[in-house]
Amino acid sequence: MRKPSFLQVFYSTSKQLNSSTYLCIMSKVRVRFAPSPTGGLHLGGVRTVLYNYLFARKHGGDFIVRIEDTDQNRYVDGAEEYIFDCLRWCGIEPDESVQHGGEYGPYRQSERKDSYREYAERLVSQGQAYYAFDTTEELEQMRQKHKTDSNPSPQYDHHIRMRMRNSLTLLPNEVEELLKAGTRHVIRIKMPESETVSFTDMIRGEVSFETSLVDDKVLLKADGMPTYHLAVVVDDHLMKISHAFRGEEWLPSAPVHILLWKYLFGLDKMPKWAHFPLILGPTGKLSKRDGAKYGFPVFAMNWTDPKNGELTEGFREKGFLPEAFLNLLALLGWNDGTEQEIFSKEELVERFSMDRVHSAGAKFDYEKAKWFNHEWIKRSESLAPKVEQLLNDAGIIVNDHIKLENILELVKERCHLLPDFVQQTGFFFQAPQTIDLDAVRPKWNEEKKIFFLDYCDLISGAVEWNATALEETFKKLATEKNIKAGELQLPFRVMLVGGKFGPPVFQIAEILGKEETIKRVSSFTELL
RNA sequence: GGCCCGUUCGUCUAAGGGUUAGGACACCACCCUUUCACGGUGGUGAUACGAGUUCGAAUCUCGUACGGGCUACCA
């Protein structure tokens, strides 16, 4: 018997599915990251990008970056460029964006301004939204007037709206007049008085809300710009977004978005939602404003606030590898069910699945973050350019690149953050500026001084210059002089590197070379 | 205050009714190493509480407590 073709199977299976599942199968996966250009890009933002990206790649879909710049007051110069720089550093390239182009542009909401009003007006004519003419002062008055102990933050909702100045309370011709006169107004959604709105979150399952408890959110602002609520729904529709992922802080406004989808485009067209758990700092939600006050970075890369010139350090500059940064972020709220913790980007794409994303918030652990970075440093084969840059910045010139590669292999396991390499490799290229004499002094004596002088004589004539030979000579001489070799190794180390650190001391001497080794020992013996 | 989400070692997490509740980071001890690391071995350490369902609950249900988020013409 012939096997049924894929299409036949597909057709017969799909008939048994409901229409929304059918659509889900049919439509291409398209996800978006929608940041607002208001400052640095923090941990949580990058993880949201990552999960979006992984999901898109995993399902052969598109990853879109849409700039949500509908608030002109909060616009910060350079923030948009910065976001793309961060993504580039992480190795995440969008398929469509302001910088990458695409068929669904413009990808900046401010440039789509004209399209939103039409949808808001449509809602008004459908009776699902209304014009509101209340001024900021009137709103403030309302909040003051209705504020009680049991209701500290009164909402513009179905209890209040009939007492405000809007197209629900005003006569039609009054509204007409106000509109004609160009009176500043907003368009608000008219939340139903008693409906239950629910949806299935890919991470949390069914979530439901009573519409009577949700306020009449502004959809279109007085300046003609949409609020997030309108823009996200309209643009997700226009850009054919199949799955909408965002942080948990958006969950409370989900009913507004669901209703908007229902009114404007139909629930069957609505993307699947997932709300990611928050990444918490030591005291709660990580905030952009808290910058590096936690003792660890929160931004992906250095961010300088153009308003006050204030610099906030980023993970990149702190010395994190992008591979490690992505890895640690991926594991903050997700795991593949095995005990594996180190994943490359490619592995993450392969293993990622939304139903293994945790629903509970995760407190960021900087110690573990450093462990991830250490693991990636140990695995990395391409550290040299980064380390060389760091050394240059410290005023140390790298004259031999093969030598640097060899040194890197030797010291990798001692470095958690990239700047650690400066201490661990610097002395190979430049004699130590400071010598930790105190580490040697207590057990130092004339006998030992003579040992080193004699050792220098011995090795200066050595034909074979390698760690093994050097160690052999060293130990032999020590035995002859009846001094414990161990007591001599620490001083030797301090002479060569300046302190109690670094790889095995004879290997250091090997790399340093004869001339330099003898030079450092001699100058040391003159100091003590 | 209201609404929503959440709750397994200090932290990130595994365990989709039956496990001595597993791993990782951190911490401690020992081994390796006469620096510091890496590595190895071992250890301390958790199902918030109370009911219910069940022969059996970390796991399902309800309540309580606690934590977090939201409550703008910000996103």
# chains A, B, ... in the order shown; residues from 1 in each chain; ligands from 1
>>> interface_residues(of="chain B", to="chain A", cutoff="12 Å", atoms="only C-alpha atoms (C1' of nucleotides)", output="VMD selection string")
chain B and resid 1 to 7 10 to 16 22 to 26 33 to 39 67 to 75
>>> residues_around(residues="range 90-94 of chain A", least_positions_apart="5", cutoff="8 Å", atoms="only C-alpha atoms (C1' of nucleotides)", output="JSON, numbers by chain")
{"A": [50, 53, 62, 63, 64, 65, 100, 322, 323, 325, 326]}
>>> write_last_selection(atoms="all heavy atoms", output="JSON list (two decimals), in the first residue's frame")
[["chain", "number", "residue", "atom", "x", "y", "z"],
["A", 50, "LEU", "N", 16.36, 37.10, 23.68],
["A", 50, "LEU", "CA", 16.88, 35.75, 23.50],
["A", 50, "LEU", "C", 15.77, 34.73, 23.31],
["A", 50, "LEU", "O", 15.79, 33.95, 22.36],
["A", 50, "LEU", "CB", 17.68, 35.37, 24.75],
["A", 50, "LEU", "CG", 18.95, 34.52, 24.64],
["A", 50, "LEU", "CD1", 19.13, 33.66, 25.88],
["A", 50, "LEU", "CD2", 19.06, 33.71, 23.39],
["A", 53, "TYR", "N", 14.16, 35.17, 20.03],
["A", 53, "TYR", "CA", 15.06, 34.72, 18.98],
["A", 53, "TYR", "C", 15.13, 33.20, 18.90],
["A", 53, "TYR", "O", 15.03, 32.62, 17.82],
["A", 53, "TYR", "CB", 16.44, 35.32, 19.25],
["A", 53, "TYR", "CG", 17.55, 34.84, 18.34],
["A", 53, "TYR", "CD1", 17.76, 35.44, 17.10],
["A", 53, "TYR", "CD2", 18.37, 33.79, 18.72],
["A", 53, "TYR", "CE1", 18.78, 35.00, 16.28],
["A", 53, "TYR", "CE2", 19.39, 33.34, 17.89],
["A", 53, "TYR", "CZ", 19.59, 33.95, 16.67],
["A", 53, "TYR", "OH", 20.60, 33.51, 15.85],
["A", 62, "ASP", "N", 10.50, 34.17, 11.80],
["A", 62, "ASP", "CA", 11.18, 35.46, 11.69],
["A", 62, "ASP", "C", 11.25, 36.15, 13.05],
["A", 62, "ASP", "O", 10.31, 36.07, 13.84],
["A", 62, "ASP", "CB", 10.41, 36.38, 10.74],
["A", 62, "ASP", "CG", 10.34, 35.80, 9.34],
["A", 62, "ASP", "OD1", 11.31, 35.13, 8.94],
["A", 62, "ASP", "OD2", 9.31, 36.00, 8.66],
["A", 63, "PHE", "N", 12.35, 36.82, 13.26],
["A", 63, "PHE", "CA", 12.53, 37.60, 14.48],
["A", 63, "PHE", "C", 12.62, 39.07, 14.11],
["A", 63, "PHE", "O", 13.48, 39.48, 13.33],
["A", 63, "PHE", "CB", 13.80, 37.14, 15.21],
["A", 63, "PHE", "CG", 14.18, 38.03, 16.35],
["A", 63, "PHE", "CD1", 13.29, 38.25, 17.41],
["A", 63, "PHE", "CD2", 15.42, 38.66, 16.38],
["A", 63, "PHE", "CE1", 13.64, 39.07, 18.47],
["A", 63, "PHE", "CE2", 15.77, 39.49, 17.44],
["A", 63, "PHE", "CZ", 14.88, 39.69, 18.48],
["A", 64, "ILE", "N", 11.70, 39.83, 14.64],
["A", 64, "ILE", "CA", 11.56, 41.23, 14.26],
["A", 64, "ILE", "C", 11.84, 42.14, 15.45],
["A", 64, "ILE", "O", 11.46, 41.82, 16.57],
["A", 64, "ILE", "CB", 10.11, 41.48, 13.77],
["A", 64, "ILE", "CG1", 9.88, 40.67, 12.48],
["A", 64, "ILE", "CG2", 9.83, 42.95, 13.52],
["A", 64, "ILE", "CD1", 8.67, 39.82, 12.53],
["A", 65, "VAL", "N", 12.51, 43.24, 15.20],
["A", 65, "VAL", "CA", 12.67, 44.23, 16.26],
["A", 65, "VAL", "C", 11.89, 45.48, 15.85],
["A", 65, "VAL", "O", 12.10, 46.03, 14.77],
["A", 65, "VAL", "CB", 14.15, 44.59, 16.51],
["A", 65, "VAL", "CG1", 14.24, 45.77, 17.48],
["A", 65, "VAL", "CG2", 14.89, 43.39, 17.08],
["A", 100, "HIS", "N", 17.50, 46.50, 9.60],
["A", 100, "HIS", "CA", 17.60, 45.36, 8.69],
["A", 100, "HIS", "C", 16.57, 45.39, 7.57],
["A", 100, "HIS", "O", 16.61, 44.56, 6.67],
["A", 100, "HIS", "CB", 17.45, 44.06, 9.47],
["A", 100, "HIS", "CG", 18.51, 43.88, 10.51],
["A", 100, "HIS", "ND1", 18.48, 44.54, 11.72],
["A", 100, "HIS", "CD2", 19.64, 43.14, 10.53],
["A", 100, "HIS", "CE1", 19.55, 44.20, 12.43],
["A", 100, "HIS", "NE2", 20.27, 43.36, 11.74],
["A", 322, "PRO", "N", 30.12, 37.25, 25.18],
["A", 322, "PRO", "CA", 28.72, 37.21, 24.76],
["A", 322, "PRO", "C", 28.10, 35.82, 24.85],
["A", 322, "PRO", "O", 26.94, 35.68, 25.21],
["A", 322, "PRO", "CB", 28.77, 37.71, 23.31],
["A", 322, "PRO", "CG", 30.19, 37.74, 22.91],
["A", 322, "PRO", "CD", 31.01, 37.81, 24.16],
["A", 323, "GLU", "N", 28.91, 34.80, 24.55],
["A", 323, "GLU", "CA", 28.41, 33.43, 24.63],
["A", 323, "GLU", "C", 27.96, 33.10, 26.06],
["A", 323, "GLU", "O", 26.94, 32.45, 26.27],
["A", 323, "GLU", "CB", 29.51, 32.43, 24.24],
["A", 323, "GLU", "CG", 29.98, 32.53, 22.81],
["A", 323, "GLU", "CD", 31.11, 33.54, 22.64],
["A", 323, "GLU", "OE1", 31.32, 34.40, 23.54],
["A", 323, "GLU", "OE2", 31.80, 33.48, 21.60],
["A", 325, "PHE", "N", 27.14, 35.31, 28.40],
["A", 325, "PHE", "CA", 26.03, 36.18, 28.77],
["A", 325, "PHE", "C", 24.71, 35.57, 28.30],
["A", 325, "PHE", "O", 23.74, 35.46, 29.07],
["A", 325, "PHE", "CB", 26.25, 37.55, 28.13],
["A", 325, "PHE", "CG", 25.29, 38.61, 28.56],
["A", 325, "PHE", "CD1", 25.04, 38.84, 29.91],
["A", 325, "PHE", "CD2", 24.64, 39.40, 27.62],
["A", 325, "PHE", "CE1", 24.15, 39.83, 30.32],
["A", 325, "PHE", "CE2", 23.75, 40.39, 28.02],
["A", 325, "PHE", "CZ", 23.51, 40.61, 29.36],
["A", 326, "LEU", "N", 24.70, 35.13, 27.06],
["A", 326, "LEU", "CA", 23.50, 34.49, 26.50],
["A", 326, "LEU", "C", 23.17, 33.21, 27.27],
["A", 326, "LEU", "O", 22.02, 32.94, 27.61],
["A", 326, "LEU", "CB", 23.78, 34.13, 25.04],
["A", 326, "LEU", "CG", 22.99, 34.84, 23.94],
["A", 326, "LEU", "CD1", 22.69, 36.28, 24.28],
["A", 326, "LEU", "CD2", 23.73, 34.74, 22.61]]
>>> residues_around(residues="U64 in chain B", least_positions_apart="6", cutoff="12 Å", atoms="only C-alpha atoms (C1' of nucleotides)", output="VMD selection string")
chain B and resid 48 to 51
>>> write_last_selection(atoms="C-alpha atoms (C1' of nucleotides)", output="CSV table (one decimal), in the first residue's frame")
chain,number,residue,atom,x,y,z
B,48,A,C1',5.9,28.3,53.3
B,49,C,C1',1.6,26.8,56.6
B,50,G,C1',-3.2,24.4,57.3
B,51,A,C1',-7.1,21.5,55.5
>>> atom_distance(atom1="CA of Leu260 in chain A", atom2="CA of Ala244 in chain A")
14.5 Å
>>> atom_distance(atom1="CA of Tyr156 in chain A", atom2="CA of Met191 in chain A")
10.2 Å
>>> closest_residue(among="A:Arg356, A:Lys307, A:His243, A:Lys386", to="Asp77 in chain A", atoms="only C-alpha atoms")
A:Lys307
>>> residues_around(residues="range 41-47 of chain B", least_positions_apart="5", cutoff="10 Å", atoms="only C-alpha atoms (C1' of nucleotides)", output="PDB file with N, CA, C and O atoms (P, O5', C5', C4', C3', O3' and C1' of nucleotides), in the first residue's frame")
ATOM      1  P     U B   7       5.215  28.656  41.712  1.00  0.00           P
ATOM      2  O5'   U B   7       5.902  29.006  43.119  1.00  0.00           O
ATOM      3  C5'   U B   7       7.203  29.635  43.114  1.00  0.00           C
ATOM      4  C4'   U B   7       7.654  29.814  44.552  1.00  0.00           C
ATOM      5  C3'   U B   7       7.673  28.504  45.316  1.00  0.00           C
ATOM      6  O3'   U B   7       8.799  28.416  46.175  1.00  0.00           O
ATOM      7  C1'   U B   7       6.150  30.014  46.336  1.00  0.00           C
ATOM      8  P     U B   8      10.202  28.086  45.596  1.00  0.00           P
ATOM      9  O5'   U B   8      10.310  26.560  45.967  1.00  0.00           O
ATOM     10  C5'   U B   8       9.875  26.098  47.241  1.00  0.00           C
ATOM     11  C4'   U B   8      10.590  24.823  47.556  1.00  0.00           C
ATOM     12  C3'   U B   8      12.105  24.934  47.519  1.00  0.00           C
ATOM     13  O3'   U B   8      12.602  25.439  48.742  1.00  0.00           O
ATOM     14  C1'   U B   8      11.434  23.044  46.299  1.00  0.00           C
ATOM     15  P     C B   9      13.619  26.639  48.724  1.00  0.00           P
ATOM     16  O5'   C B   9      15.009  25.884  48.708  1.00  0.00           O
ATOM     17  C5'   C B   9      16.212  26.590  49.005  1.00  0.00           C
ATOM     18  C4'   C B   9      16.981  25.793  50.021  1.00  0.00           C
ATOM     19  C3'   C B   9      18.377  26.342  50.300  1.00  0.00           C
ATOM     20  O3'   C B   9      18.558  26.527  51.707  1.00  0.00           O
ATOM     21  C1'   C B   9      18.464  24.025  49.764  1.00  0.00           C
ATOM     22  P     G B  10      17.773  27.758  52.440  1.00  0.00           P
ATOM     23  O5'   G B  10      18.607  29.013  51.946  1.00  0.00           O
ATOM     24  C5'   G B  10      18.242  30.321  52.407  1.00  0.00           C
ATOM     25  C4'   G B  10      19.070  31.327  51.652  1.00  0.00           C
ATOM     26  C3'   G B  10      18.879  31.270  50.132  1.00  0.00           C
ATOM     27  O3'   G B  10      17.833  32.130  49.730  1.00  0.00           O
ATOM     28  C1'   G B  10      21.199  31.151  50.657  1.00  0.00           C
ATOM     29  P     A B  21      13.634  11.174  49.978  1.00  0.00           P
ATOM     30  O5'   A B  21      14.695  12.160  49.300  1.00  0.00           O
ATOM     31  C5'   A B  21      15.242  11.887  48.020  1.00  0.00           C
ATOM     32  C4'   A B  21      14.890  13.000  47.058  1.00  0.00           C
ATOM     33  C3'   A B  21      15.835  14.206  47.059  1.00  0.00           C
ATOM     34  O3'   A B  21      16.986  13.927  46.298  1.00  0.00           O
ATOM     35  C1'   A B  21      13.623  14.961  47.066  1.00  0.00           C
ATOM     36  P     C B  27      32.784  30.536  47.646  1.00  0.00           P
ATOM     37  O5'   C B  27      32.260  29.937  49.020  1.00  0.00           O
ATOM     38  C5'   C B  27      31.683  30.793  49.999  1.00  0.00           C
ATOM     39  C4'   C B  27      31.167  29.970  51.145  1.00  0.00           C
ATOM     40  C3'   C B  27      32.151  28.945  51.701  1.00  0.00           C
ATOM     41  O3'   C B  27      33.081  29.536  52.587  1.00  0.00           O
ATOM     42  C1'   C B  27      30.031  27.931  51.426  1.00  0.00           C
ATOM     43  P     C B  28      34.590  28.944  52.607  1.00  0.00           P
ATOM     44  O5'   C B  28      34.430  27.619  53.471  1.00  0.00           O
ATOM     45  C5'   C B  28      33.958  27.680  54.814  1.00  0.00           C
ATOM     46  C4'   C B  28      33.777  26.283  55.347  1.00  0.00           C
ATOM     47  C3'   C B  28      34.954  25.334  55.117  1.00  0.00           C
ATOM     48  O3'   C B  28      35.977  25.518  56.060  1.00  0.00           O
ATOM     49  C1'   C B  28      32.942  24.242  54.537  1.00  0.00           C
ATOM     50  P     A B  29      37.495  25.152  55.631  1.00  0.00           P
ATOM     51  O5'   A B  29      37.492  23.566  55.640  1.00  0.00           O
ATOM     52  C5'   A B  29      37.343  22.851  56.870  1.00  0.00           C
ATOM     53  C4'   A B  29      37.307  21.375  56.580  1.00  0.00           C
ATOM     54  C3'   A B  29      38.481  20.852  55.774  1.00  0.00           C
ATOM     55  O3'   A B  29      39.621  20.629  56.569  1.00  0.00           O
ATOM     56  C1'   A B  29      36.463  19.979  54.906  1.00  0.00           C
ATOM     57  P     C B  30      41.065  20.793  55.913  1.00  0.00           P
ATOM     58  O5'   C B  30      41.205  19.466  55.052  1.00  0.00           O
ATOM     59  C5'   C B  30      41.282  18.191  55.703  1.00  0.00           C
ATOM     60  C4'   C B  30      41.077  17.096  54.692  1.00  0.00           C
ATOM     61  C3'   C B  30      42.092  17.044  53.552  1.00  0.00           C
ATOM     62  O3'   C B  30      43.293  16.409  53.932  1.00  0.00           O
ATOM     63  C1'   C B  30      39.901  16.782  52.682  1.00  0.00           C
ATOM     64  P     C B  31      44.657  16.787  53.173  1.00  0.00           P
ATOM     65  O5'   C B  31      44.436  16.125  51.748  1.00  0.00           O
ATOM     66  C5'   C B  31      44.375  14.697  51.618  1.00  0.00           C
ATOM     67  C4'   C B  31      44.163  14.330  50.167  1.00  0.00           C
ATOM     68  C3'   C B  31      45.172  14.921  49.199  1.00  0.00           C
ATOM     69  O3'   C B  31      46.370  14.176  49.163  1.00  0.00           O
ATOM     70  C1'   C B  31      42.979  15.160  48.315  1.00  0.00           C
ATOM     71  P     A B  58       4.795  15.006  49.689  1.00  0.00           P
ATOM     72  O5'   A B  58       5.509  16.288  49.068  1.00  0.00           O
ATOM     73  C5'   A B  58       5.155  17.590  49.516  1.00  0.00           C
ATOM     74  C4'   A B  58       5.388  18.600  48.427  1.00  0.00           C
ATOM     75  C3'   A B  58       4.396  18.509  47.263  1.00  0.00           C
ATOM     76  O3'   A B  58       3.285  19.310  47.504  1.00  0.00           O
ATOM     77  C1'   A B  58       6.624  18.562  46.436  1.00  0.00           C
ATOM     78  P     U B  59       1.856  18.935  46.950  1.00  0.00           P
ATOM     79  O5'   U B  59       2.086  18.688  45.386  1.00  0.00           O
ATOM     80  C5'   U B  59       2.254  19.800  44.495  1.00  0.00           C
ATOM     81  C4'   U B  59       2.530  19.266  43.111  1.00  0.00           C
ATOM     82  C3'   U B  59       1.332  18.585  42.467  1.00  0.00           C
ATOM     83  O3'   U B  59       1.183  19.024  41.133  1.00  0.00           O
ATOM     84  C1'   U B  59       3.184  17.087  42.561  1.00  0.00           C
TER      85        U B  59
END
>>> residues_around(residues="G52 in chain B", least_positions_apart="4", cutoff="12 Å", atoms="only C-alpha atoms (C1' of nucleotides)", output="ChimeraX atom specification")
/B:57,60-63
>>> write_last_selection(atoms="N, CA, C and O atoms (P, O5', C5', C4', C3', O3' and C1' of nucleotides)", output="PDB file, in the first residue's frame")
ATOM      1  P     A B  57      -0.016  11.323  51.045  1.00  0.00           P
ATOM      2  O5'   A B  57       1.372  11.918  50.531  1.00  0.00           O
ATOM      3  C5'   A B  57       1.899  11.605  49.255  1.00  0.00           C
ATOM      4  C4'   A B  57       2.364  12.891  48.594  1.00  0.00           C
ATOM      5  C3'   A B  57       2.323  14.124  49.472  1.00  0.00           C
ATOM      6  O3'   A B  57       3.338  15.042  49.083  1.00  0.00           O
ATOM      7  C1'   A B  57       0.828  14.397  47.687  1.00  0.00           C
ATOM      8  P     C B  60       0.222  20.274  40.897  1.00  0.00           P
ATOM      9  O5'   C B  60      -1.222  19.649  41.123  1.00  0.00           O
ATOM     10  C5'   C B  60      -1.931  19.083  40.028  1.00  0.00           C
ATOM     11  C4'   C B  60      -3.326  18.740  40.479  1.00  0.00           C
ATOM     12  C3'   C B  60      -4.002  19.807  41.342  1.00  0.00           C
ATOM     13  O3'   C B  60      -4.595  20.810  40.539  1.00  0.00           O
ATOM     14  C1'   C B  60      -4.264  17.698  42.363  1.00  0.00           C
ATOM     15  P     U B  61      -4.773  22.276  41.122  1.00  0.00           P
ATOM     16  O5'   U B  61      -5.968  22.086  42.152  1.00  0.00           O
ATOM     17  C5'   U B  61      -7.279  21.747  41.689  1.00  0.00           C
ATOM     18  C4'   U B  61      -8.226  21.822  42.850  1.00  0.00           C
ATOM     19  C3'   U B  61      -8.100  23.082  43.698  1.00  0.00           C
ATOM     20  O3'   U B  61      -8.848  24.153  43.152  1.00  0.00           O
ATOM     21  C1'   U B  61      -8.131  21.185  45.107  1.00  0.00           C
ATOM     22  P     C B  62      -8.395  25.648  43.481  1.00  0.00           P
ATOM     23  O5'   C B  62      -8.865  25.834  44.991  1.00  0.00           O
ATOM     24  C5'   C B  62     -10.250  25.856  45.315  1.00  0.00           C
ATOM     25  C4'   C B  62     -10.410  25.889  46.806  1.00  0.00           C
ATOM     26  C3'   C B  62      -9.675  27.011  47.520  1.00  0.00           C
ATOM     27  O3'   C B  62     -10.379  28.234  47.468  1.00  0.00           O
ATOM     28  C1'   C B  62      -9.298  24.979  48.667  1.00  0.00           C
ATOM     29  P     G B  63      -9.550  29.620  47.589  1.00  0.00           P
ATOM     30  O5'   G B  63      -9.177  29.684  49.134  1.00  0.00           O
ATOM     31  C5'   G B  63     -10.202  29.845  50.109  1.00  0.00           C
ATOM     32  C4'   G B  63      -9.609  29.662  51.476  1.00  0.00           C
ATOM     33  C3'   G B  63      -8.482  30.623  51.828  1.00  0.00           C
ATOM     34  O3'   G B  63      -8.972  31.868  52.278  1.00  0.00           O
ATOM     35  C1'   G B  63      -7.848  28.419  52.408  1.00  0.00           C
TER      36        G B  63
END
>>> atom_distance(atom1="CA of Ile511 in chain A", atom2="CA of Ala478 in chain A")
22.3 Å
>>> decode(residues="range 30-48 of chain B", atoms="N, CA, C and O atoms (P, O5', C5', C4', C3', O3' and C1' of nucleotides)", output="compact mmCIF listing (two decimals), in the first residue's frame")
# COMPACT_ATOMS: atom_id res chain seq x y z
P C B 30 41.07 20.79 55.91
O5' C B 30 41.21 19.47 55.05
C5' C B 30 41.28 18.19 55.70
C4' C B 30 41.08 17.10 54.69
C3' C B 30 42.09 17.04 53.55
O3' C B 30 43.29 16.41 53.93
C1' C B 30 39.90 16.78 52.68
P C B 31 44.66 16.79 53.17
O5' C B 31 44.44 16.12 51.75
C5' C B 31 44.37 14.70 51.62
C4' C B 31 44.16 14.33 50.17
C3' C B 31 45.17 14.92 49.20
O3' C B 31 46.37 14.18 49.16
C1' C B 31 42.98 15.16 48.31
P C B 32 47.74 14.92 48.83
O5' C B 32 47.53 15.40 47.34
C5' C B 32 47.49 14.45 46.26
C4' C B 32 47.28 15.18 44.94
C3' C B 32 48.26 16.32 44.68
O3' C B 32 49.47 15.85 44.13
C1' C B 32 46.04 17.07 44.26
P U B 33 50.85 16.36 44.70
O5' U B 33 50.86 17.91 44.36
C5' U B 33 50.87 18.34 42.99
C4' U B 33 50.64 19.82 42.94
C3' U B 33 51.58 20.66 43.81
O3' U B 33 52.81 20.88 43.14
C1' U B 33 49.35 21.41 44.11
P U B 34 54.20 20.68 43.93
O5' U B 34 54.25 22.00 44.85
C5' U B 34 54.25 21.88 46.29
C4' U B 34 53.68 23.15 46.91
C3' U B 34 54.20 24.41 46.21
O3' U B 34 53.21 25.41 45.96
C1' U B 34 55.20 24.13 48.42
P U B 35 51.84 25.82 46.43
O5' U B 35 51.86 27.40 46.24
C5' U B 35 51.85 28.32 47.33
C4' U B 35 51.47 29.66 46.76
C3' U B 35 50.03 29.77 46.32
O3' U B 35 49.19 30.10 47.41
C1' U B 35 51.42 30.61 44.61
P C B 36 47.83 29.34 47.57
O5' C B 36 46.97 29.98 46.40
C5' C B 36 46.76 31.39 46.34
C4' C B 36 46.22 31.75 44.99
C3' C B 36 45.05 30.89 44.51
O3' C B 36 43.84 31.31 45.10
C1' C B 36 46.61 31.15 42.76
P A B 37 42.57 30.31 45.08
O5' A B 37 42.31 30.23 43.53
C5' A B 37 41.70 29.08 42.98
C4' A B 37 41.89 29.15 41.49
C3' A B 37 41.30 27.96 40.75
O3' A B 37 39.95 28.21 40.46
C1' A B 37 43.54 28.25 40.10
P C B 38 38.89 27.04 40.72
O5' C B 38 39.26 25.96 39.61
C5' C B 38 39.36 26.35 38.26
C4' C B 38 39.97 25.25 37.43
C3' C B 38 39.40 23.86 37.65
O3' C B 38 38.17 23.71 37.00
C1' C B 38 41.74 23.73 37.51
P G B 39 37.04 22.80 37.67
O5' G B 39 37.77 21.41 37.87
C5' G B 39 38.12 20.61 36.74
C4' G B 39 38.88 19.40 37.21
C3' G B 39 38.18 18.57 38.26
O3' G B 39 37.23 17.69 37.70
C1' G B 39 40.42 18.93 38.91
P G B 40 35.95 17.29 38.56
O5' G B 40 36.53 16.32 39.67
C5' G B 40 37.21 15.13 39.29
C4' G B 40 37.75 14.44 40.51
C3' G B 40 36.74 14.25 41.64
O3' G B 40 35.89 13.14 41.43
C1' G B 40 38.78 15.05 42.52
P U B 41 34.41 13.13 42.02
O5' U B 41 34.66 12.87 43.56
C5' U B 41 35.27 11.65 43.99
C4' U B 41 35.50 11.70 45.48
C3' U B 41 34.28 12.09 46.31
O3' U B 41 33.39 11.00 46.52
C1' U B 41 36.17 13.29 47.07
P G B 42 31.83 11.31 46.65
O5' G B 42 31.75 12.07 48.04
C5' G B 42 31.82 11.32 49.25
C4' G B 42 32.03 12.25 50.41
C3' G B 42 30.86 13.16 50.80
O3' G B 42 29.85 12.47 51.50
C1' G B 42 32.88 14.39 50.89
P G B 43 28.37 13.08 51.54
O5' G B 43 28.57 14.37 52.46
C5' G B 43 28.98 14.21 53.81
C4' G B 43 29.10 15.56 54.45
C3' G B 43 27.84 16.41 54.40
O3' G B 43 26.94 16.04 55.42
C1' G B 43 29.71 17.73 53.82
P U B 44 25.39 16.35 55.24
O5' U B 44 25.30 17.89 55.63
C5' U B 44 25.67 18.32 56.94
C4' U B 44 25.61 19.83 56.99
C3' U B 44 24.27 20.42 56.54
O3' U B 44 23.34 20.41 57.60
C1' U B 44 26.07 21.62 55.55
P G B 45 21.93 19.73 57.39
O5' G B 45 21.22 20.73 56.39
C5' G B 45 21.04 22.10 56.75
C4' G B 45 20.76 22.89 55.52
C3' G B 45 19.63 22.33 54.66
O3' G B 45 18.36 22.71 55.16
C1' G B 45 21.47 22.91 53.29
P A B 46 17.22 21.62 55.16
O5' A B 46 16.29 22.15 53.98
C5' A B 46 15.66 23.43 54.08
C4' A B 46 14.82 23.65 52.86
C3' A B 46 13.64 22.69 52.70
O3' A B 46 12.53 23.15 53.45
C1' A B 46 14.79 22.89 50.65
P U B 47 11.56 22.07 54.15
O5' U B 47 10.83 21.35 52.94
C5' U B 47 9.50 21.71 52.59
C4' U B 47 9.50 22.32 51.21
C3' U B 47 8.10 22.59 50.67
O3' U B 47 8.15 23.78 49.92
C1' U B 47 9.20 21.07 49.25
P A B 48 6.96 24.81 49.91
O5' A B 48 6.88 25.27 51.43
C5' A B 48 8.03 25.78 52.10
C4' A B 48 7.57 26.63 53.25
C3' A B 48 6.35 26.06 53.97
O3' A B 48 6.76 25.20 55.01
C1' A B 48 5.93 28.31 53.35
